[in-house]
$ cat coords-v9.pdb   # PDB, C-alpha atoms, pLDDT in the B column
MODEL        1
ATOM      1  CA  MET A  28     237.690 138.412  27.364  1.00 95.00           C
ATOM      2  CA  ASN A  29     234.866 138.892  24.890  1.00 95.00           C
ATOM      3  CA  LEU A  30     231.157 139.082  25.611  1.00 97.00           C
ATOM      4  CA  LYS A  31     228.261 139.297  23.239  1.00 98.00           C
ATOM      5  CA  VAL A  32     225.856 141.991  24.413  1.00 98.00           C
ATOM      6  CA  LEU A  33     222.210 141.930  23.298  1.00 98.00           C
ATOM      7  CA  LEU A  34     220.112 145.100  23.444  1.00 98.00           C
ATOM      8  CA  PHE A  35     216.346 145.258  23.687  1.00 97.00           C
ATOM      9  CA  GLY A  36     213.540 147.802  23.715  1.00 95.00           C
ATOM     10  CA  ILE A  37     214.694 151.345  24.329  1.00 95.00           C
ATOM     11  CA  ALA A  38     218.326 150.222  24.695  1.00 96.00           C
ATOM     12  CA  THR A  39     218.341 149.248  21.002  1.00 96.00           C
ATOM     13  CA  ASP A  40     217.198 152.749  20.059  1.00 95.00           C
ATOM     14  CA  LEU A  41     219.655 154.510  22.404  1.00 95.00           C
ATOM     15  CA  ILE A  42     222.711 152.580  21.213  1.00 96.00           C
ATOM     16  CA  GLY A  43     221.591 152.018  17.635  1.00 96.00           C
ATOM     17  CA  GLU A  44     222.460 148.313  17.553  1.00 97.00           C
ATOM     18  CA  LYS A  45     220.728 145.045  18.442  1.00 97.00           C
ATOM     19  CA  SER A  46     223.923 143.300  19.471  1.00 98.00           C
ATOM     20  CA  ILE A  47     227.561 144.270  19.987  1.00 97.00           C
ATOM     21  CA  PHE A  48     230.764 142.620  21.156  1.00 97.00           C
ATOM     22  CA  PHE A  49     232.291 144.068  24.306  1.00 97.00           C
ATOM     23  CA  SER A  50     235.524 143.255  26.085  1.00 97.00           C
ATOM     24  CA  VAL A  51     236.092 143.069  29.866  1.00 97.00           C
ATOM     25  CA  THR A  52     238.900 141.739  32.040  1.00 96.00           C
ATOM     26  CA  PRO A  53     238.708 138.008  32.896  1.00 95.00           C
ATOM     27  CA  SER A  54     236.477 137.233  35.907  1.00 94.00           C
ATOM     28  CA  ALA A  55     234.783 140.633  35.770  1.00 97.00           C
ATOM     29  CA  THR A  56     231.496 140.830  37.644  1.00 98.00           C
ATOM     30  CA  VAL A  57     228.175 142.042  36.259  1.00 98.00           C
ATOM     31  CA  LEU A  58     228.605 145.260  38.246  1.00 97.00           C
ATOM     32  CA  GLU A  59     232.040 145.869  36.710  1.00 97.00           C
ATOM     33  CA  PHE A  60     230.597 145.198  33.272  1.00 97.00           C
ATOM     34  CA  LYS A  61     227.764 147.695  33.901  1.00 96.00           C
ATOM     35  CA  VAL A  62     230.198 150.441  34.957  1.00 96.00           C
ATOM     36  CA  LEU A  63     232.419 149.915  31.889  1.00 97.00           C
ATOM     37  CA  PHE A  64     229.508 149.534  29.504  1.00 97.00           C
ATOM     38  CA  GLN A  65     227.776 152.667  30.749  1.00 96.00           C
ATOM     39  CA  LYS A  66     231.055 154.577  30.438  1.00 96.00           C
ATOM     40  CA  LYS A  67     231.190 153.658  26.765  1.00 97.00           C
ATOM     41  CA  TYR A  68     227.453 154.181  26.215  1.00 97.00           C
ATOM     42  CA  PRO A  69     226.448 157.009  28.601  1.00 96.00           C
ATOM     43  CA  GLN A  70     223.119 157.330  26.792  1.00 95.00           C
ATOM     44  CA  LEU A  71     221.977 154.282  28.822  1.00 94.00           C
ATOM     45  CA  LYS A  72     221.508 156.693  31.751  1.00 91.00           C
ATOM     46  CA  GLU A  73     218.292 157.791  30.044  1.00 89.00           C
ATOM     47  CA  ILE A  74     216.695 154.488  31.053  1.00 90.00           C
ATOM     48  CA  ASN A  75     214.927 154.310  34.392  1.00 80.00           C
ATOM     49  CA  SER A  76     216.883 151.196  35.363  1.00 90.00           C
ATOM     50  CA  TYR A  77     217.825 147.978  33.678  1.00 95.00           C
ATOM     51  CA  ALA A  78     218.493 144.366  34.620  1.00 97.00           C
ATOM     52  CA  ILE A  79     221.176 142.104  33.234  1.00 98.00           C
ATOM     53  CA  ALA A  80     220.610 138.572  31.985  1.00 98.00           C
ATOM     54  CA  ILE A  81     223.435 136.156  31.298  1.00 98.00           C
ATOM     55  CA  ASN A  82     222.750 133.316  28.887  1.00 98.00           C
ATOM     56  CA  GLU A  83     218.979 133.900  29.159  1.00 98.00           C
ATOM     57  CA  SER A  84     218.710 134.073  32.973  1.00 98.00           C
ATOM     58  CA  TYR A  85     218.579 137.122  35.244  1.00 98.00           C
ATOM     59  CA  ALA A  86     221.920 137.794  36.951  1.00 98.00           C
ATOM     60  CA  SER A  87     222.885 139.752  40.071  1.00 98.00           C
ATOM     61  CA  ASN A  88     225.626 142.391  40.271  1.00 97.00           C
ATOM     62  CA  GLU A  89     227.955 139.866  41.946  1.00 98.00           C
ATOM     63  CA  THR A  90     227.717 137.254  39.193  1.00 98.00           C
ATOM     64  CA  VAL A  91     231.103 136.552  37.588  1.00 98.00           C
ATOM     65  CA  LEU A  92     231.231 136.669  33.794  1.00 98.00           C
ATOM     66  CA  LYS A  93     232.871 134.045  31.599  1.00 97.00           C
ATOM     67  CA  GLU A  94     234.379 134.202  28.116  1.00 96.00           C
ATOM     68  CA  ASN A  95     231.696 134.194  25.390  1.00 94.00           C
ATOM     69  CA  ASP A  96     228.814 134.771  27.793  1.00 97.00           C
ATOM     70  CA  ILE A  97     225.754 136.303  26.164  1.00 98.00           C
ATOM     71  CA  VAL A  98     224.857 139.353  28.226  1.00 98.00           C
ATOM     72  CA  ALA A  99     221.475 140.999  27.694  1.00 98.00           C
ATOM     73  CA  ILE A 100     220.537 144.534  28.709  1.00 98.00           C
ATOM     74  CA  ILE A 101     216.945 144.257  29.965  1.00 97.00           C
ATOM     75  CA  PRO A 102     215.206 147.656  30.231  1.00 97.00           C
ATOM     76  CA  PRO A 103     212.024 147.806  32.361  1.00 96.00           C
ATOM     77  CA  VAL A 104     209.706 145.213  30.845  1.00 97.00           C
ATOM     78  CA  SER A 105     206.202 146.080  29.655  1.00 96.00           C
ATOM     79  CA  GLY A 106     204.599 142.911  28.353  1.00 96.00           C
ATOM     80  CA  GLY A 107     201.008 141.870  28.842  1.00 95.00           C
TER
ATOM     81  CA  MET B   7     201.240 114.983  28.789  1.00 67.00           C
ATOM     82  CA  SER B   8     202.389 118.502  29.581  1.00 91.00           C
ATOM     83  CA  ASN B   9     200.294 120.620  31.915  1.00 97.00           C
ATOM     84  CA  THR B  10     201.617 123.911  30.536  1.00 98.00           C
ATOM     85  CA  SER B  11     201.277 125.551  27.127  1.00 98.00           C
ATOM     86  CA  ILE B  12     203.680 128.434  26.465  1.00 98.00           C
ATOM     87  CA  LYS B  13     203.827 130.371  23.213  1.00 98.00           C
ATOM     88  CA  ILE B  14     205.083 133.631  21.703  1.00 98.00           C
ATOM     89  CA  THR B  15     203.844 134.221  18.188  1.00 98.00           C
ATOM     90  CA  SER B  16     203.360 136.921  15.568  1.00 98.00           C
ATOM     91  CA  GLU B  17     200.124 135.210  14.565  1.00 98.00           C
ATOM     92  CA  LYS B  18     196.733 136.000  16.064  1.00 98.00           C
ATOM     93  CA  LEU B  19     196.330 134.453  19.537  1.00 98.00           C
ATOM     94  CA  SER B  20     193.563 131.883  19.923  1.00 98.00           C
ATOM     95  CA  LEU B  21     191.385 131.952  23.023  1.00 98.00           C
ATOM     96  CA  GLU B  22     189.860 128.662  21.880  1.00 98.00           C
ATOM     97  CA  GLU B  23     193.297 126.992  21.787  1.00 98.00           C
ATOM     98  CA  CYS B  24     194.139 128.264  25.306  1.00 98.00           C
ATOM     99  CA  TYR B  25     190.715 127.210  26.574  1.00 98.00           C
ATOM    100  CA  GLU B  26     190.892 123.724  25.045  1.00 98.00           C
ATOM    101  CA  PHE B  27     194.369 123.195  26.487  1.00 98.00           C
ATOM    102  CA  VAL B  28     193.267 123.638  30.105  1.00 98.00           C
ATOM    103  CA  THR B  29     190.069 121.581  29.924  1.00 97.00           C
ATOM    104  CA  ASP B  30     190.335 118.454  32.065  1.00 96.00           C
ATOM    105  CA  ASP B  31     187.850 116.018  33.572  1.00 96.00           C
ATOM    106  CA  SER B  32     189.243 116.758  37.035  1.00 96.00           C
ATOM    107  CA  CYS B  33     188.585 120.508  36.682  1.00 97.00           C
ATOM    108  CA  GLY B  34     185.482 122.276  37.937  1.00 97.00           C
ATOM    109  CA  GLY B  35     186.375 125.684  36.555  1.00 97.00           C
ATOM    110  CA  ILE B  36     188.398 127.520  33.962  1.00 98.00           C
ATOM    111  CA  VAL B  37     189.539 131.124  34.359  1.00 98.00           C
ATOM    112  CA  ALA B  38     190.808 133.162  31.398  1.00 98.00           C
ATOM    113  CA  PHE B  39     192.539 136.512  31.313  1.00 98.00           C
ATOM    114  CA  VAL B  40     192.561 138.196  27.909  1.00 98.00           C
ATOM    115  CA  GLY B  41     194.621 141.368  27.520  1.00 98.00           C
ATOM    116  CA  THR B  42     193.474 143.772  24.812  1.00 97.00           C
ATOM    117  CA  VAL B  43     195.067 146.850  23.260  1.00 96.00           C
ATOM    118  CA  ARG B  44     193.425 149.979  24.676  1.00 94.00           C
ATOM    119  CA  ASP B  45     192.886 153.121  22.574  1.00 94.00           C
ATOM    120  CA  SER B  46     194.453 155.537  25.055  1.00 92.00           C
ATOM    121  CA  THR B  47     197.100 155.859  27.753  1.00 89.00           C
ATOM    122  CA  LYS B  48     197.273 158.764  30.217  1.00 86.00           C
ATOM    123  CA  SER B  49     194.529 160.444  28.136  1.00 87.00           C
ATOM    124  CA  LYS B  50     196.598 160.320  24.942  1.00 91.00           C
ATOM    125  CA  ASP B  51     195.192 158.502  21.906  1.00 94.00           C
ATOM    126  CA  VAL B  52     197.134 155.347  21.062  1.00 94.00           C
ATOM    127  CA  THR B  53     197.161 154.304  17.403  1.00 94.00           C
ATOM    128  CA  GLN B  54     199.033 150.976  17.667  1.00 95.00           C
ATOM    129  CA  LEU B  55     201.458 148.983  19.833  1.00 96.00           C
ATOM    130  CA  ASP B  56     204.639 147.183  18.821  1.00 97.00           C
ATOM    131  CA  PHE B  57     205.715 144.260  21.034  1.00 98.00           C
ATOM    132  CA  SER B  58     209.315 143.087  20.922  1.00 97.00           C
ATOM    133  CA  THR B  59     210.676 140.157  22.912  1.00 98.00           C
ATOM    134  CA  TYR B  60     213.875 138.430  23.971  1.00 98.00           C
ATOM    135  CA  LYS B  61     212.148 135.317  22.777  1.00 98.00           C
ATOM    136  CA  PRO B  62     214.188 132.398  24.187  1.00 98.00           C
ATOM    137  CA  MET B  63     214.419 134.025  27.626  1.00 98.00           C
ATOM    138  CA  ALA B  64     210.778 135.183  27.559  1.00 98.00           C
ATOM    139  CA  ILE B  65     209.673 131.607  26.814  1.00 98.00           C
ATOM    140  CA  LYS B  66     211.767 130.335  29.755  1.00 98.00           C
ATOM    141  CA  GLU B  67     210.352 132.967  32.110  1.00 98.00           C
ATOM    142  CA  MET B  68     206.765 132.233  31.027  1.00 98.00           C
ATOM    143  CA  GLN B  69     207.370 128.501  31.510  1.00 98.00           C
ATOM    144  CA  HIS B  70     208.803 129.264  34.955  1.00 98.00           C
ATOM    145  CA  ILE B  71     205.701 131.287  35.909  1.00 98.00           C
ATOM    146  CA  ALA B  72     203.368 128.471  34.841  1.00 98.00           C
ATOM    147  CA  GLU B  73     205.381 125.867  36.770  1.00 98.00           C
ATOM    148  CA  ILE B  74     205.459 128.004  39.923  1.00 98.00           C
ATOM    149  CA  ALA B  75     201.700 128.638  39.629  1.00 98.00           C
ATOM    150  CA  ILE B  76     201.007 124.896  39.410  1.00 98.00           C
ATOM    151  CA  LYS B  77     203.127 124.280  42.526  1.00 98.00           C
ATOM    152  CA  LYS B  78     201.773 127.237  44.489  1.00 98.00           C
ATOM    153  CA  PHE B  79     198.043 126.945  43.722  1.00 98.00           C
ATOM    154  CA  GLU B  80     195.682 123.970  43.483  1.00 97.00           C
ATOM    155  CA  ILE B  81     195.457 124.085  39.699  1.00 98.00           C
ATOM    156  CA  LYS B  82     195.901 121.447  37.000  1.00 98.00           C
ATOM    157  CA  LYS B  83     196.877 123.295  33.843  1.00 98.00           C
ATOM    158  CA  MET B  84     197.952 126.701  32.615  1.00 98.00           C
ATOM    159  CA  ALA B  85     198.407 128.251  29.174  1.00 98.00           C
ATOM    160  CA  ILE B  86     200.281 131.534  28.659  1.00 98.00           C
ATOM    161  CA  HIS B  87     200.348 132.844  25.094  1.00 98.00           C
ATOM    162  CA  HIS B  88     201.823 136.233  24.144  1.00 98.00           C
ATOM    163  CA  ALA B  89     201.860 138.078  20.832  1.00 98.00           C
ATOM    164  CA  GLU B  90     204.817 139.861  19.243  1.00 98.00           C
ATOM    165  CA  GLY B  91     204.967 142.459  16.483  1.00 98.00           C
ATOM    166  CA  MET B  92     202.587 145.280  15.618  1.00 98.00           C
ATOM    167  CA  LEU B  93     199.111 145.178  17.199  1.00 98.00           C
ATOM    168  CA  GLN B  94     196.112 147.406  16.565  1.00 97.00           C
ATOM    169  CA  ILE B  95     193.454 148.698  18.955  1.00 96.00           C
ATOM    170  CA  GLY B  96     191.326 145.768  20.191  1.00 96.00           C
ATOM    171  CA  ASP B  97     193.942 143.140  19.275  1.00 97.00           C
ATOM    172  CA  ILE B  98     194.980 140.598  21.905  1.00 98.00           C
ATOM    173  CA  PRO B  99     198.582 140.726  23.199  1.00 98.00           C
ATOM    174  CA  VAL B 100     198.202 138.105  25.929  1.00 98.00           C
ATOM    175  CA  ILE B 101     195.963 135.205  26.972  1.00 98.00           C
ATOM    176  CA  ILE B 102     196.290 133.233  30.201  1.00 98.00           C
ATOM    177  CA  THR B 103     193.967 130.323  30.958  1.00 98.00           C
ATOM    178  CA  VAL B 104     193.869 128.151  34.058  1.00 98.00           C
ATOM    179  CA  GLY B 105     192.045 124.905  34.763  1.00 98.00           C
ATOM    180  CA  ALA B 106     191.472 123.909  38.388  1.00 98.00           C
ATOM    181  CA  PRO B 107     189.239 121.622  40.445  1.00 98.00           C
ATOM    182  CA  HIS B 108     187.886 124.710  42.288  1.00 97.00           C
ATOM    183  CA  ARG B 109     187.435 128.300  41.140  1.00 97.00           C
ATOM    184  CA  LYS B 110     189.267 130.197  43.883  1.00 98.00           C
ATOM    185  CA  ALA B 111     192.649 128.688  43.041  1.00 98.00           C
ATOM    186  CA  ALA B 112     192.047 129.308  39.333  1.00 98.00           C
ATOM    187  CA  PHE B 113     191.335 133.031  39.893  1.00 98.00           C
ATOM    188  CA  GLU B 114     194.353 133.408  42.184  1.00 98.00           C
ATOM    189  CA  ALA B 115     196.723 131.565  39.858  1.00 98.00           C
ATOM    190  CA  CYS B 116     195.573 133.597  36.867  1.00 98.00           C
ATOM    191  CA  GLU B 117     196.147 136.899  38.666  1.00 98.00           C
ATOM    192  CA  PHE B 118     199.543 135.700  39.920  1.00 98.00           C
ATOM    193  CA  ALA B 119     200.556 134.754  36.366  1.00 98.00           C
ATOM    194  CA  ILE B 120     199.630 138.046  34.676  1.00 98.00           C
ATOM    195  CA  ASP B 121     201.103 140.140  37.535  1.00 98.00           C
ATOM    196  CA  THR B 122     204.390 138.197  37.423  1.00 98.00           C
ATOM    197  CA  LEU B 123     204.523 138.270  33.615  1.00 98.00           C
ATOM    198  CA  LYS B 124     204.314 142.060  33.703  1.00 97.00           C
ATOM    199  CA  GLU B 125     207.241 142.201  36.144  1.00 97.00           C
ATOM    200  CA  THR B 126     209.682 139.600  34.869  1.00 97.00           C
ATOM    201  CA  VAL B 127     209.115 138.462  31.291  1.00 98.00           C
ATOM    202  CA  PRO B 128     211.445 140.242  28.835  1.00 98.00           C
ATOM    203  CA  ILE B 129     208.827 141.714  26.510  1.00 98.00           C
ATOM    204  CA  TRP B 130     208.644 145.414  25.659  1.00 98.00           C
ATOM    205  CA  LYS B 131     205.914 147.484  24.098  1.00 97.00           C
ATOM    206  CA  LYS B 132     206.263 150.684  22.167  1.00 96.00           C
ATOM    207  CA  GLU B 133     203.177 152.872  22.063  1.00 96.00           C
ATOM    208  CA  TYR B 134     202.464 154.831  18.909  1.00 96.00           C
ATOM    209  CA  PHE B 135     200.544 158.110  19.077  1.00 95.00           C
ATOM    210  CA  SER B 136     199.497 160.432  16.278  1.00 91.00           C
ATOM    211  CA  ASP B 137     202.479 162.657  17.184  1.00 92.00           C
ATOM    212  CA  GLY B 138     205.198 160.161  18.128  1.00 93.00           C
ATOM    213  CA  GLU B 139     206.094 156.954  19.906  1.00 94.00           C
ATOM    214  CA  VAL B 140     207.390 155.873  23.318  1.00 93.00           C
ATOM    215  CA  TRP B 141     208.748 152.738  25.003  1.00 94.00           C
ATOM    216  CA  VAL B 142     206.415 151.980  27.923  1.00 93.00           C
ATOM    217  CA  ASN B 143     208.002 152.150  31.443  1.00 89.00           C
ATOM    218  CA  ALA B 144     211.412 153.092  30.048  1.00 86.00           C
ATOM    219  CA  HIS B 145     211.747 156.589  31.492  1.00 79.00           C
ATOM    220  CA  PRO B 146     211.702 157.821  35.100  1.00 63.00           C
TER
ENDMDL
END
$ encode --input "coords-v9.pdb" --output "structure tokens"
Amino acid sequence: MNLKVLLFGIATDLIGEKSIFFSVTPSATVLEFKVLFQKKYPQLKEINSYAIAINESYASNETVLKENDIVAIIPPVSGG
Amino acid sequence: MSNTSIKITSEKLSLEECYEFVTDDSCGGIVAFVGTVRDSTKSKDVTQLDFSTYKPMAIKEMQHIAEIAIKKFEIKKMAIHHAEGMLQIGDIPVIITVGAPHRKAAFEACEFAIDTLKETVPIWKKEYFSDGEVWVNAHP
């Protein structure tokens, strides 16, 4: 199934895109997505750590993804 | 009438707007936190800062912070405004104002809001130096 992946901050620079489409098996979890995504984009290892948001809310590793979810890679935030 | 004012804008932030929003006849004090762009970090000279945001989610998270603060502390109103785009030294990236019947709750709520914003709101700043640029907090 297809996901839209949004990249922010340093992740945009590392991958060179602001958004990409990425495919995972149906009912994949966030953790499974992270493993696959990092395999394709190993440069993400340069980031300290990152969170995942699904459809504009923070998600845990166990969260199950659905077709057409919007997944955001959230590098360590630094607002304020 | 809403008791929260949440905004992300590329225009100059207005302390007056944030102040006016939290004024209320039931309030005995207003606390404001104003963040400003500092000219150095870890003894390196900063020339400018670029703030980028995941705007719809950042707005939701800021709204969430204000609602939690109103539940958790004895306050009436809160405004959280954040800037995006390129800022120069002395510019204002963030303003938080709180109106409360008594000052202690206003101080506590204001500190809670800026501390939580810095941990959870998807906003990123890139620092520019004379010899390069770096995303803040991104590297180990």
$ residues_around --input "coords-v9.pdb" --residues "Met92 in chain B" --least-positions-apart "3" --cutoff "8 Å" --atoms "all atoms listed in the file" --output "number ranges by chain"
B: 54-57
$ closest_residue --input "coords-v9.pdb" --among "A:Ile100, A:Ile74, A:Met28, A:Ile79" --to "Ala55 in chain A" --atoms "all atoms listed in the file"
A:Met28
$ resolve_selection --input "coords-v9.pdb" --expression "the PyMOL selection byres ((chain A) within 7 of (chain B))" --output "list in words"
Gly36, Ile37, Glu73, Ile74, Asn75, Glu83, Ser84, Ile101, Pro102, Pro103, Val104, Ser105, Gly106 and Gly107 of chain A
$ atom_distance --input "coords-v9.pdb" --atom1 "CA of Lys31 in chain A" --atom2 "CA of Ile14 in chain B"
23.9 Å
$ atom_distance --input "coords-v9.pdb" --atom1 "CA of Ile86 in chain B" --atom2 "CA of Ile71 in chain B"
9.1 Å
$ atom_distance --input "coords-v9.pdb" --atom1 "CA of Glu117 in chain B" --atom2 "CA of Leu21 in chain B"
17.1 Å
$ axis_aligned_box --input "coords-v9.pdb" --around "range 99-107 of chain B" --padding-each-side "6 Å" --output "AutoDock Vina command-line options"
--center_x 193.9 --center_y 131.2 --center_z 31.8 --size_x 21.3 --size_y 31.1 --size_z 29.2
$ residues_around --input "coords-v9.pdb" --residues "range 90-95 of chain A" --least-positions-apart "2" --cutoff "9 Å" --atoms "all atoms listed in the file" --output "number ranges by chain"
A: 28-31, 51, 53-58, 60, 81, 86-88, 97-98
$ residues_around --input "coords-v9.pdb" --residues "Arg109 in chain B" --least-positions-apart "6" --cutoff "12 Å" --atoms "all atoms listed in the file" --output "ChimeraX atom specification"
/B:33-38,79-82,115-116
$ closest_residue --input "coords-v9.pdb" --among "B:Gln69, B:Phe135, B:Asp97, B:Lys110" --to "Leu19 in chain B" --atoms "all atoms listed in the file"
B:Asp97
$ residues_around --input "coords-v9.pdb" --residues "Ala38 in chain A" --least-positions-apart "4" --cutoff "7 Å" --atoms "only C-alpha atoms" --output "PDB file with C-alpha atoms, in the frame of the given file"
ATOM      1  CA  LEU A  34     220.112 145.100  23.444  1.00 98.00           C
ATOM      2  CA  ILE A  42     222.711 152.580  21.213  1.00 96.00           C
ATOM      3  CA  LEU A  71     221.977 154.282  28.822  1.00 94.00           C
ATOM      4  CA  PRO A 102     215.206 147.656  30.231  1.00 97.00           C
TER       5      PRO A 102
END
$ closest_residue --input "coords-v9.pdb" --among "B:Ala112, B:Gly96, B:Val104, B:Ala119" --to "Val52 in chain B" --atoms "all atoms listed in the file"
B:Gly96
$ closest_residue --input "coords-v9.pdb" --among "B:Ile12, B:Ile95, B:Ala106, B:Met68" --to "Lys83 in chain B" --atoms "all atoms listed in the file"
B:Ala106
$ residues_around --input "coords-v9.pdb" --residues "Val32 in chain A" --least-positions-apart "6" --cutoff "9 Å" --atoms "only C-alpha atoms" --output "list of chain:residue names"
A:Lys45, A:Ser46, A:Ile47, A:Phe48, A:Phe49, A:Asp96, A:Ile97, A:Val98, A:Ala99, A:Ile100
$ closest_residue --input "coords-v9.pdb" --among "B:Glu26, B:His108, B:Lys13, B:Lys50" --to "Gly138 in chain B" --atoms "only C-alpha atoms"
B:Lys50
$ decode --input "coords-v9.pdb" --residues "range 74-116 of chain B" --atoms "C-alpha atoms" --output "PDB file, in the first residue's frame"
ATOM      1  CA  ILE B  74      -3.711  21.645  28.682  1.00  0.00           C
ATOM      2  CA  ALA B  75      -2.310  24.781  30.362  1.00  0.00           C
ATOM      3  CA  ILE B  76      -5.825  26.149  30.915  1.00  0.00           C
ATOM      4  CA  LYS B  77      -6.911  22.838  32.478  1.00  0.00           C
ATOM      5  CA  LYS B  78      -3.767  22.358  34.556  1.00  0.00           C
ATOM      6  CA  PHE B  79      -3.272  25.893  35.914  1.00  0.00           C
ATOM      7  CA  GLU B  80      -5.691  28.505  37.258  1.00  0.00           C
ATOM      8  CA  ILE B  81      -5.477  30.707  34.178  1.00  0.00           C
ATOM      9  CA  LYS B  82      -8.109  32.275  31.931  1.00  0.00           C
ATOM     10  CA  LYS B  83      -6.457  32.836  28.571  1.00  0.00           C
ATOM     11  CA  MET B  84      -3.329  31.994  26.630  1.00  0.00           C
ATOM     12  CA  ALA B  85      -1.855  33.191  23.336  1.00  0.00           C
ATOM     13  CA  ILE B  86       0.977  31.330  21.584  1.00  0.00           C
ATOM     14  CA  HIS B  87       2.296  32.957  18.416  1.00  0.00           C
ATOM     15  CA  HIS B  88       5.322  31.639  16.499  1.00  0.00           C
ATOM     16  CA  ALA B  89       7.168  33.057  13.506  1.00  0.00           C
ATOM     17  CA  GLU B  90       8.325  31.156  10.425  1.00  0.00           C
ATOM     18  CA  GLY B  91      10.876  32.047   7.761  1.00  0.00           C
ATOM     19  CA  MET B  92      14.140  33.959   8.014  1.00  0.00           C
ATOM     20  CA  LEU B  93      14.735  35.986  11.197  1.00  0.00           C
ATOM     21  CA  GLN B  94      17.543  38.389  12.030  1.00  0.00           C
ATOM     22  CA  ILE B  95      19.321  39.054  15.323  1.00  0.00           C
ATOM     23  CA  GLY B  96      16.876  40.672  17.781  1.00  0.00           C
ATOM     24  CA  ASP B  97      13.778  39.490  15.885  1.00  0.00           C
ATOM     25  CA  ILE B  98      11.038  37.682  17.803  1.00  0.00           C
ATOM     26  CA  PRO B  99      10.400  33.999  16.973  1.00  0.00           C
ATOM     27  CA  VAL B 100       7.874  33.317  19.734  1.00  0.00           C
ATOM     28  CA  ILE B 101       5.485  35.124  22.086  1.00  0.00           C
ATOM     29  CA  ILE B 102       3.440  33.475  24.829  1.00  0.00           C
ATOM     30  CA  THR B 103       1.062  35.507  26.985  1.00  0.00           C
ATOM     31  CA  VAL B 104      -1.088  34.313  29.864  1.00  0.00           C
ATOM     32  CA  GLY B 105      -3.897  36.023  31.745  1.00  0.00           C
ATOM     33  CA  ALA B 106      -4.806  34.724  35.201  1.00  0.00           C
ATOM     34  CA  PRO B 107      -6.613  35.868  38.344  1.00  0.00           C
ATOM     35  CA  HIS B 108      -3.340  35.428  40.307  1.00  0.00           C
ATOM     36  CA  ARG B 109       0.283  35.764  39.222  1.00  0.00           C
ATOM     37  CA  LYS B 110       1.720  32.435  40.375  1.00  0.00           C
ATOM     38  CA  ALA B 111      -0.442  30.381  38.025  1.00  0.00           C
ATOM     39  CA  ALA B 112       0.343  32.760  35.158  1.00  0.00           C
ATOM     40  CA  PHE B 113       4.123  32.367  35.637  1.00  0.00           C
ATOM     41  CA  GLU B 114       3.836  28.582  35.932  1.00  0.00           C
ATOM     42  CA  ALA B 115       1.578  28.221  32.900  1.00  0.00           C
ATOM     43  CA  CYS B 116       3.846  30.408  30.788  1.00  0.00           C
TER      44      CYS B 116
END
